[in-house]
Each structure stands twice: as C-alpha cells, then as structure tokens.
$ cat data_4.pdb   # PDB, C-alpha atoms
ATOM      1  CA  MET W   1       0.000   0.000   0.000
ATOM      2  CA  SER W   2       1.256   3.496  -0.745
ATOM      3  CA  ASN W   3       2.283   5.758   2.119
ATOM      4  CA  VAL W   4      -0.226   8.384   1.019
ATOM      5  CA  LYS W   5      -3.052   5.847   1.146
ATOM      6  CA  THR W   6      -1.912   4.613   4.565
ATOM      7  CA  LEU W   7      -1.973   8.153   5.922
ATOM      8  CA  SER W   8      -5.268   8.917   4.238
ATOM      9  CA  ASP W   9      -6.910   5.752   5.583
ATOM     10  CA  ALA W  10      -5.749   6.714   9.063
ATOM     11  CA  GLY W  11      -7.329  10.154   8.642
ATOM     12  CA  LEU W  12      -3.961  11.884   8.934
ATOM     13  CA  VAL W  13      -3.802  13.525   5.504
ATOM     14  CA  ARG W  14      -6.287  14.626   2.888
ATOM     15  CA  PRO W  15      -4.799  13.546  -0.452
ATOM     16  CA  GLU W  16      -6.712  16.226  -2.356
ATOM     17  CA  VAL W  17      -4.702  18.999  -0.675
ATOM     18  CA  LEU W  18      -1.328  17.356  -1.214
ATOM     19  CA  THR W  19       0.887  18.611  -4.003
ATOM     20  CA  ASP W  20       2.648  16.199  -6.318
ATOM     21  CA  GLN W  21       5.841  17.062  -4.494
ATOM     22  CA  ASP W  22       4.244  16.285  -1.104
ATOM     23  CA  LYS W  23       3.181  12.900  -2.434
ATOM     24  CA  LYS W  24       6.647  12.227  -3.802
ATOM     25  CA  VAL W  25       8.217  13.034  -0.422
ATOM     26  CA  LEU W  26       5.675  10.907   1.418
ATOM     27  CA  GLU W  27       6.289   7.950  -0.875
ATOM     28  CA  SER W  28      10.035   8.283  -0.260
ATOM     29  CA  LEU W  29       9.615   7.664   3.477
ATOM     30  CA  SER W  30      10.833   4.389   4.909
ATOM     31  CA  PRO W  31       8.521   2.242   7.087
ATOM     32  CA  ASP W  32      10.197   3.544  10.257
ATOM     33  CA  GLU W  33       9.818   7.149   9.127
ATOM     34  CA  MET W  34       6.176   6.467   8.350
ATOM     35  CA  LYS W  35       5.589   5.186  11.880
ATOM     36  CA  ALA W  36       7.221   8.318  13.278
ATOM     37  CA  LEU W  37       5.273  10.589  10.945
ATOM     38  CA  MET W  38       1.977   8.953  11.863
ATOM     39  CA  ALA W  39       2.725   9.349  15.566
ATOM     40  CA  VAL W  40       3.664  12.995  15.058
ATOM     41  CA  LYS W  41       0.602  13.796  12.965
ATOM     42  CA  ALA W  42      -1.666  12.088  15.493
ATOM     43  CA  LYS W  43      -0.082  14.133  18.275
ATOM     44  CA  LEU W  44      -0.111  17.424  16.399
ATOM     45  CA  GLY W  45      -3.820  17.229  15.589
ATOM     46  CA  ASP W  46      -5.777  19.848  13.744
ATOM     47  CA  ASP W  47      -5.267  22.607  16.308
ATOM     48  CA  MET W  48      -1.520  22.420  16.011
ATOM     49  CA  ILE W  49      -1.608  22.122  12.260
ATOM     50  CA  LYS W  50      -3.667  25.306  12.082
ATOM     51  CA  GLN W  51      -1.186  27.388  14.042
ATOM     52  CA  ASN W  52      -0.405  30.494  12.075
ATOM     53  CA  TRP W  53       2.652  31.781  13.867
ATOM     54  CA  LYS W  54       6.166  30.831  12.891
ATOM     55  CA  MET W  55       8.289  30.306  15.984
ATOM     56  CA  PRO W  56      11.825  31.647  16.384
ATOM     57  CA  LYS W  57      14.176  28.669  16.460
ATOM     58  CA  PHE W  58      17.931  28.532  16.701
ATOM     59  CA  ILE W  59      20.802  26.673  18.325
TER      60      ILE W  59
ATOM     61  CA  MET H   1      24.007  -1.582  23.924
ATOM     62  CA  PRO H   2      25.768   1.618  22.753
ATOM     63  CA  TYR H   3      26.060   2.439  19.064
ATOM     64  CA  ASP H   4      28.759   0.221  17.544
ATOM     65  CA  GLY H   5      29.028   1.798  14.108
ATOM     66  CA  SER H   6      27.166  -1.050  12.443
ATOM     67  CA  ILE H   7      24.707   0.734  10.125
ATOM     68  CA  SER H   8      24.983  -0.934   6.715
ATOM     69  CA  SER H   9      26.380   0.817   3.717
ATOM     70  CA  CYS H  10      23.877   0.946   0.811
ATOM     71  CA  GLU H  11      23.553   4.598  -0.150
ATOM     72  CA  VAL H  12      20.123   6.220  -0.045
ATOM     73  CA  GLU H  13      18.328   6.831  -3.318
ATOM     74  CA  ILE H  14      17.252  10.388  -3.969
ATOM     75  CA  GLY H  15      14.354  11.021  -6.318
ATOM     76  CA  GLU H  16      14.391  13.199  -9.382
ATOM     77  CA  ASN H  17      13.039  16.356  -7.730
ATOM     78  CA  LEU H  18      14.531  15.648  -4.334
ATOM     79  CA  SER H  19      17.939  16.338  -5.684
ATOM     80  CA  SER H  20      19.976  16.393  -2.495
ATOM     81  CA  HIS H  21      19.911  15.132   1.073
ATOM     82  CA  SER H  22      19.249  18.671   2.295
ATOM     83  CA  ALA H  23      16.350  19.254  -0.120
ATOM     84  CA  LEU H  24      14.757  15.946   0.822
ATOM     85  CA  LEU H  25      15.144  16.647   4.539
ATOM     86  CA  ARG H  26      13.699  20.138   4.148
ATOM     87  CA  GLN H  27      10.618  18.693   2.464
ATOM     88  CA  LYS H  28      10.218  16.039   5.134
ATOM     89  CA  ILE H  29      10.266  18.760   7.787
ATOM     90  CA  GLN H  30       7.598  20.673   5.896
ATOM     91  CA  LEU H  31       5.277  17.667   6.260
ATOM     92  CA  VAL H  32       5.059  18.330   9.995
ATOM     93  CA  SER H  33       5.703  22.066  10.187
ATOM     94  CA  PRO H  34       2.606  23.876   9.015
ATOM     95  CA  CYS H  35       4.185  27.310   9.382
ATOM     96  CA  THR H  36       7.193  26.957   7.161
ATOM     97  CA  SER H  37       5.846  28.970   4.256
ATOM     98  CA  GLU H  38       7.385  32.367   3.657
ATOM     99  CA  ASN H  39       3.953  33.920   4.195
ATOM    100  CA  SER H  40       3.567  32.684   7.767
ATOM    101  CA  PRO H  41       4.078  35.599  10.167
ATOM    102  CA  SER H  42       6.799  35.381  12.768
ATOM    103  CA  LEU H  43       5.619  35.045  16.355
ATOM    104  CA  LEU H  44       7.778  38.089  17.047
ATOM    105  CA  THR H  45       5.185  40.194  15.216
ATOM    106  CA  HIS H  46       2.306  38.903  17.399
ATOM    107  CA  PRO H  47       0.207  41.854  18.694
ATOM    108  CA  ARG H  48       0.485  40.557  22.274
ATOM    109  CA  LEU H  49       4.197  39.734  22.170
ATOM    110  CA  ARG H  50       4.831  42.038  25.130
ATOM    111  CA  GLU H  51       2.686  39.774  27.338
ATOM    112  CA  PHE H  52       4.537  36.545  26.623
ATOM    113  CA  TYR H  53       8.000  37.579  25.450
ATOM    114  CA  GLY H  54       9.585  36.755  28.814
ATOM    115  CA  GLU H  55       8.131  33.248  28.725
ATOM    116  CA  LEU H  56       9.275  32.856  25.123
ATOM    117  CA  LEU H  57      12.835  33.717  26.166
ATOM    118  CA  TYR H  58      12.630  31.211  29.004
ATOM    119  CA  VAL H  59      11.538  28.419  26.664
ATOM    120  CA  LEU H  60      14.283  29.318  24.199
ATOM    121  CA  TYR H  61      16.820  29.363  27.035
ATOM    122  CA  SER H  62      15.638  25.966  28.249
ATOM    123  CA  THR H  63      16.572  24.457  24.903
ATOM    124  CA  ILE H  64      19.606  26.546  23.946
ATOM    125  CA  ARG H  65      21.496  25.716  27.121
ATOM    126  CA  ALA H  66      21.473  22.035  26.133
ATOM    127  CA  ASN H  67      22.751  22.525  22.610
ATOM    128  CA  VAL H  68      26.508  22.653  23.158
ATOM    129  CA  PRO H  69      26.517  19.655  25.550
ATOM    130  CA  LEU H  70      24.331  17.801  23.048
ATOM    131  CA  MET H  71      26.622  18.547  20.112
ATOM    132  CA  GLN H  72      29.663  17.632  22.237
ATOM    133  CA  ALA H  73      28.091  14.269  23.023
ATOM    134  CA  ALA H  74      27.402  13.671  19.330
ATOM    135  CA  ARG H  75      30.918  14.760  18.365
ATOM    136  CA  ASP H  76      32.533  12.510  20.964
ATOM    137  CA  CYS H  77      30.470   9.524  19.882
ATOM    138  CA  ALA H  78      31.176  10.230  16.213
ATOM    139  CA  ARG H  79      34.913  10.535  16.903
ATOM    140  CA  GLN H  80      34.999   7.122  18.542
ATOM    141  CA  HIS H  81      33.781   5.558  15.302
ATOM    142  CA  SER H  82      35.467   7.820  12.787
ATOM    143  CA  GLY H  83      38.128   5.230  11.946
ATOM    144  CA  ASN H  84      35.699   2.925  10.160
ATOM    145  CA  ASP H  85      32.665   5.176   9.567
ATOM    146  CA  ARG H  86      32.975   7.996   7.017
ATOM    147  CA  VAL H  87      29.695   9.583   8.074
ATOM    148  CA  ALA H  88      30.834   9.651  11.693
ATOM    149  CA  ALA H  89      34.195  11.135  10.680
ATOM    150  CA  GLN H  90      32.633  13.929   8.618
ATOM    151  CA  LEU H  91      30.015  14.547  11.292
ATOM    152  CA  ALA H  92      32.663  14.895  14.011
ATOM    153  CA  SER H  93      34.540  17.417  11.899
ATOM    154  CA  TYR H  94      31.387  19.480  11.253
ATOM    155  CA  LEU H  95      30.323  19.423  14.901
ATOM    156  CA  GLU H  96      33.785  20.486  16.045
ATOM    157  CA  ARG H  97      33.414  23.638  13.935
ATOM    158  CA  HIS H  98      29.782  24.234  14.829
ATOM    159  CA  ILE H  99      30.273  23.859  18.581
ATOM    160  CA  ALA H 100      32.800  26.681  18.460
ATOM    161  CA  GLU H 101      30.222  28.831  16.637
ATOM    162  CA  GLU H 102      27.532  28.170  19.245
ATOM    163  CA  MET H 103      29.483  28.557  22.484
ATOM    164  CA  HIS H 104      28.083  30.884  25.159
ATOM    165  CA  HIS H 105      24.815  31.672  23.364
ATOM    166  CA  ASP H 106      22.972  30.473  26.466
ATOM    167  CA  GLU H 107      24.806  33.129  28.454
ATOM    168  CA  TRP H 108      23.695  35.808  25.965
ATOM    169  CA  LEU H 109      20.098  34.733  26.317
ATOM    170  CA  LEU H 110      20.356  34.738  30.094
ATOM    171  CA  GLU H 111      21.621  38.313  29.948
ATOM    172  CA  ASP H 112      18.670  39.247  27.709
ATOM    173  CA  MET H 113      16.346  37.678  30.277
ATOM    174  CA  GLU H 114      17.923  39.668  33.081
ATOM    175  CA  LEU H 115      16.793  42.808  31.270
ATOM    176  CA  PHE H 116      13.309  41.445  31.806
ATOM    177  CA  GLY H 117      13.797  41.127  35.517
ATOM    178  CA  PHE H 118      14.539  37.398  35.545
ATOM    179  CA  SER H 119      17.140  36.384  38.124
ATOM    180  CA  ARG H 120      19.593  33.645  37.175
ATOM    181  CA  ASP H 121      18.834  31.715  40.313
ATOM    182  CA  ALA H 122      15.114  31.748  39.580
ATOM    183  CA  VAL H 123      15.712  30.613  35.992
ATOM    184  CA  TRP H 124      17.991  27.773  37.071
ATOM    185  CA  LYS H 125      15.621  26.641  39.842
ATOM    186  CA  ARG H 126      12.601  26.442  37.563
ATOM    187  CA  ILE H 127      11.813  22.998  36.147
ATOM    188  CA  PRO H 128      11.575  23.290  32.344
ATOM    189  CA  PRO H 129       8.539  21.958  30.461
ATOM    190  CA  VAL H 130       8.487  18.218  29.878
ATOM    191  CA  ASP H 131       8.662  18.848  26.125
ATOM    192  CA  VAL H 132      12.183  20.213  26.601
ATOM    193  CA  ALA H 133      13.297  16.956  28.213
ATOM    194  CA  SER H 134      11.598  15.014  25.412
ATOM    195  CA  LEU H 135      13.229  17.191  22.766
ATOM    196  CA  ILE H 136      16.760  16.975  24.137
ATOM    197  CA  GLY H 137      16.574  13.572  25.783
ATOM    198  CA  ALA H 138      15.592  11.843  22.554
ATOM    199  CA  GLN H 139      18.733  13.171  20.895
ATOM    200  CA  PHE H 140      21.010  11.860  23.636
ATOM    201  CA  TYR H 141      19.324   8.451  23.318
ATOM    202  CA  TRP H 142      19.731   8.247  19.558
ATOM    203  CA  ILE H 143      23.333   9.478  19.766
ATOM    204  CA  GLN H 144      24.266   6.900  22.377
ATOM    205  CA  PHE H 145      22.331   3.899  21.137
ATOM    206  CA  VAL H 146      21.722   4.312  17.404
ATOM    207  CA  HIS H 147      24.033   6.742  15.588
ATOM    208  CA  PRO H 148      25.162  10.332  16.280
ATOM    209  CA  VAL H 149      23.992  11.360  12.809
ATOM    210  CA  ALA H 150      20.525  11.654  14.420
ATOM    211  CA  ILE H 151      21.474  15.111  15.649
ATOM    212  CA  LEU H 152      21.322  16.408  12.076
ATOM    213  CA  GLY H 153      17.522  16.143  12.121
ATOM    214  CA  TYR H 154      17.484  18.310  15.235
ATOM    215  CA  ILE H 155      19.871  20.897  13.805
ATOM    216  CA  ALA H 156      17.980  21.001  10.502
ATOM    217  CA  VAL H 157      14.740  21.949  12.254
ATOM    218  CA  LEU H 158      16.318  24.511  14.565
ATOM    219  CA  GLU H 159      18.622  26.231  12.103
ATOM    220  CA  GLY H 160      16.922  25.547   8.791
ATOM    221  CA  ASP H 161      14.370  28.332   8.852
ATOM    222  CA  PRO H 162      15.954  31.409  10.448
ATOM    223  CA  THR H 163      13.776  34.269  11.641
ATOM    224  CA  PRO H 164      14.260  37.186   9.232
ATOM    225  CA  GLU H 165      16.027  40.207  10.681
ATOM    226  CA  THR H 166      13.086  42.355   9.549
ATOM    227  CA  ALA H 167      10.715  40.306  11.743
ATOM    228  CA  VAL H 168      12.900  40.925  14.783
ATOM    229  CA  GLU H 169      13.018  44.644  14.033
ATOM    230  CA  GLU H 170       9.239  44.692  13.619
ATOM    231  CA  GLY H 171       8.850  42.861  16.931
ATOM    232  CA  VAL H 172      10.949  45.482  18.686
ATOM    233  CA  ARG H 173       8.955  48.299  17.127
ATOM    234  CA  ARG H 174       5.490  46.849  17.730
ATOM    235  CA  SER H 175       6.062  45.600  21.254
ATOM    236  CA  GLY H 176       7.851  48.644  22.577
ATOM    237  CA  LEU H 177      10.216  46.308  24.411
ATOM    238  CA  PRO H 178      13.903  47.260  24.667
ATOM    239  CA  GLU H 179      15.929  46.213  21.619
ATOM    240  CA  ALA H 180      18.580  44.791  23.926
ATOM    241  CA  ALA H 181      16.136  42.092  25.022
ATOM    242  CA  PHE H 182      16.135  40.832  21.401
ATOM    243  CA  ARG H 183      19.922  40.712  21.096
ATOM    244  CA  THR H 184      20.349  36.934  20.951
ATOM    245  CA  ILE H 185      17.457  36.442  18.533
ATOM    246  CA  LEU H 186      18.763  39.229  16.299
ATOM    247  CA  ILE H 187      22.278  37.803  16.245
ATOM    248  CA  HIS H 188      20.865  34.442  15.165
ATOM    249  CA  SER H 189      18.825  36.089  12.433
ATOM    250  CA  ARG H 190      22.081  37.370  11.005
ATOM    251  CA  LEU H 191      24.191  34.242  11.551
ATOM    252  CA  ASP H 192      21.809  31.374  10.903
ATOM    253  CA  PRO H 193      21.379  31.822   7.150
ATOM    254  CA  HIS H 194      25.137  31.139   6.910
ATOM    255  CA  HIS H 195      24.917  28.257   9.379
ATOM    256  CA  ARG H 196      22.035  26.784   7.361
ATOM    257  CA  ASP H 197      24.049  26.978   4.153
ATOM    258  CA  ASP H 198      27.065  25.348   5.847
ATOM    259  CA  PHE H 199      24.803  22.650   7.234
ATOM    260  CA  ASN H 200      23.221  21.904   3.858
ATOM    261  CA  ALA H 201      26.617  21.699   2.153
ATOM    262  CA  MET H 202      27.893  19.339   4.863
ATOM    263  CA  LEU H 203      24.759  17.161   4.707
ATOM    264  CA  ASP H 204      24.854  16.924   0.926
ATOM    265  CA  ASP H 205      28.460  15.736   1.099
ATOM    266  CA  LEU H 206      27.738  12.872   3.504
ATOM    267  CA  PRO H 207      27.700   9.295   2.128
ATOM    268  CA  LEU H 208      24.412   8.553   3.898
ATOM    269  CA  THR H 209      22.853   5.115   3.915
ATOM    270  CA  ALA H 210      19.108   4.600   3.827
ATOM    271  CA  GLU H 211      19.273   3.895   7.562
ATOM    272  CA  HIS H 212      21.066   7.167   8.268
ATOM    273  CA  SER H 213      18.495   9.059   6.223
ATOM    274  CA  THR H 214      15.646   7.374   8.098
ATOM    275  CA  LEU H 215      17.163   8.209  11.469
ATOM    276  CA  ILE H 216      17.692  11.845  10.494
ATOM    277  CA  GLY H 217      14.092  12.015   9.254
ATOM    278  CA  ILE H 218      12.671  10.531  12.454
ATOM    279  CA  SER H 219      14.796  12.916  14.510
ATOM    280  CA  ALA H 220      13.517  15.860  12.463
ATOM    281  CA  PHE H 221       9.876  14.773  12.816
ATOM    282  CA  HIS H 222      10.254  14.441  16.570
ATOM    283  CA  THR H 223      12.032  17.777  16.864
ATOM    284  CA  ALA H 224       9.468  19.688  14.785
ATOM    285  CA  CYS H 225       6.544  18.103  16.601
ATOM    286  CA  THR H 226       7.975  18.702  20.056
ATOM    287  CA  MET H 227       8.935  22.296  19.238
ATOM    288  CA  ASN H 228       5.377  22.940  18.058
ATOM    289  CA  SER H 229       3.976  21.500  21.263
ATOM    290  CA  LEU H 230       6.455  23.447  23.373
ATOM    291  CA  PHE H 231       5.712  26.806  21.785
ATOM    292  CA  ALA H 232       1.953  26.216  21.707
ATOM    293  CA  GLY H 233       1.960  26.690  25.464
ATOM    294  CA  VAL H 234       3.769  30.015  25.257
ATOM    295  CA  HIS H 235       1.502  32.329  23.321
ATOM    296  CA  PRO H 236      -2.211  33.179  23.030
ATOM    297  CA  GLU H 237      -3.916  32.674  19.675
TER     298      GLU H 237
END
$ encode --input "data_4.pdb" --output "structure tokens"
Amino acid sequence: MSNVKTLSDAGLVRPEVLTDQDKKVLESLSPDEMKALMAVKAKLGDDMIKQNWKMPKFI
Amino acid sequence: MPYDGSISSCEVEIGENLSSHSALLRQKIQLVSPCTSENSPSLLTHPRLREFYGELLYVLYSTIRANVPLMQAARDCARQHSGNDRVAAQLASYLERHIAEEMHHDEWLLEDMELFGFSRDAVWKRIPPVDVASLIGAQFYWIQFVHPVAILGYIAVLEGDPTPETAVEEGVRRSGLPEAAFRTILIHSRLDPHHRDDFNAMLDDLPLTAEHSTLIGISAFHTACTMNSLFAGVHPE
C-alpha cells in the first residue's frame, strides 16, 4: 500500500490537498519514518496544524 | 548496547526532484511544520508579544542551554567511530566547527532575560517543560544507542528556517520592548542563514545510507513536533 493511502486511511492527511511534491516526499519515506510521521501527525492534531505563527528557532 | 558503528552501507536513493539530502530533509520537515511557508508571520510580530515575550525567552533558554553539551556528546560519539565510519568522521569534523560557533549563546540569552527582571537563580531553579526533556533527551538516546547522525535532524529543524532580521526589528517596534532584550534572537537572524548553508553543504556531502536518512528524518519529525507542542503553550492565539 502506498504511504499516502496509509496516511489517508488513518485520517492523517487529505490527499486532495497534497501537491505532487508532497506525495513524492511521502512515498520516499521508509517504514520507520512512516511510523514516526503517523505518531507525530496524530499528536499534532488539527489545532496544532492550524497554528499560524512561525516560531523563532535557533541553536 | 551503545552504538557500535554497524549501520549498513547501501547509499540512499534520492528522487528526481529531491535532488539532495538537504532538499529531501527540508521537504520532510515541511510535512510536519505547518508554518514553514514564507507567508507565515513570525511570532515576534504577534500583537500581544509584550505579554509573553519573557516566557518565550525562558523556553528558548531551556533548549539553547542544552545545545553545546548535546553537540559535544554527538561529536565525541562520532569521533569514537570515525576510523571505520565515514559519516561519523565527517560529522565529528562538522560538529567540532559548529560547537565553536555556538558557544556561550545560552549566556547571551540569560543576559537578555535579566533585562526582563529574571534572576539567574530563579531561571535555574525552575523545572523546564516536559517537552524540553523530550526534545533533548531523545537526541542523547539516539546518539548513544543508534548513531550520532541523528542530531542532524534536530539541527535542521532549529537552524533551517531562520527568523528574518526584519521580523525581529518589527517585533521590537510593535512591542515597545527594549531592543537589547532581542539581542540573541537578532544575532541568530544574522548568523543562521550562513549556518544553514554550511549545514546543507555538509549534509549533501555525507555518504548517507538509507538507515542514516531514516534516522535523520525521524529525529527531524520528533524535533518539529515537540517544538510545536512546546511553543503552543507560550503564546495566546
């Protein structure tokens, strides 16, 4: 099964809003990366995804 | 069992439009960072920045003070394996340079916080948010038990999308806060575009295996997610 379909079936992405490039990146992910991505997306949830502010980040 | 340098050596395939390790990593990070478009406003331009700027500095300090010890741990681990691991050897060399560039930035931030009335003792006594421990602790785990290359996912998230200098200047102007309290953020706005370019060049030159690339990706996902969670508690909508 494709990674995009796996994520879509889990309700974690809406394929219709993904760009071709997004899909290409998603399909490049290894099984372990997919597990991590699914955990992250489940944790982020819609509220986090909708955040509008870009945080300052540096080392 | 600590990392023994045993990741296998088939090099990762990069797709046609994902032409480099750095480009691929950047696009992976964008999958979990909704605010990475150039149009997303910086939090420094938030109309209520004055209310939460002190807390923002504290959260930044909580992470920045761990960065040099974290990079030193990764460098030391990479050095131990540099004799038979090209990635580890190149990583150790990069981290040696980058640690020197990042020394004492925690002290700068602490001085900025003192302008806000924070006392050092109070800052050091406060227990940081659990997300900070998750953010930093995961890196130490991966460095020790998997491969020190994991730290590159962390660095890519933190240094890959520098705050523009104009956003810092706008934050100073809108908030009415003293410019000196933005010193560390402003310095990073000026330096980090160069650090990002150095990082990308280093990453693109690494002979990464598929396993290395996966570990860096997982590290980046975790870092981006945890940073989002951490900052979500800092500011009002």
$ atom_distance --input "data_4.pdb" --atom1 "CA of Leu177 in chain H" --atom2 "CA of Met113 in chain H"
12.1 Å
$ interface_residues --input "data_4.pdb" --of "chain W" --to "chain H" --cutoff "6 Å" --atoms "only C-alpha atoms" --output "ChimeraX atom specification"
/W:33,36,49,53-59
$ closest_residue --input "data_4.pdb" --among "H:Ser93, H:Gln80, H:Asn200, H:Ser19" --to "Gly153 in chain H" --atoms "all atoms listed in the file"
H:Asn200
$ resolve_selection --input "data_4.pdb" --expression "the PyMOL selection byres ((chain W and resi 3-7) around 10)" --output "VMD selection string"
chain W and resid 1 to 2 8 to 15 18 22 to 31 34 37 to 38 41
$ atom_distance --input "data_4.pdb" --atom1 "CA of Leu95 in chain H" --atom2 "CA of Arg75 in chain H"
5.8 Å
$ closest_residue --input "data_4.pdb" --among "H:Pro148, H:Gly83, H:Gly54, H:Pro128" --to "Glu114 in chain H" --atoms "all atoms listed in the file"
H:Gly54
$ atom_distance --input "data_4.pdb" --atom1 "CA of Leu57 in chain H" --atom2 "CA of Leu109 in chain H"
7.3 Å
$ residues_around --input "data_4.pdb" --residues "Val130 in chain H" --least-positions-apart "4" --cutoff "10 Å" --atoms "all atoms listed in the file" --output "JSON, numbers by chain"
{"H": [134, 135, 226, 230]}
$ residues_near_point --input "data_4.pdb" --point "(27.5, 11.8, 7.1)" --cutoff "9 Å" --atoms "all atoms listed in the file" --output "number ranges by chain"
H: 85-91, 149, 202-209, 212
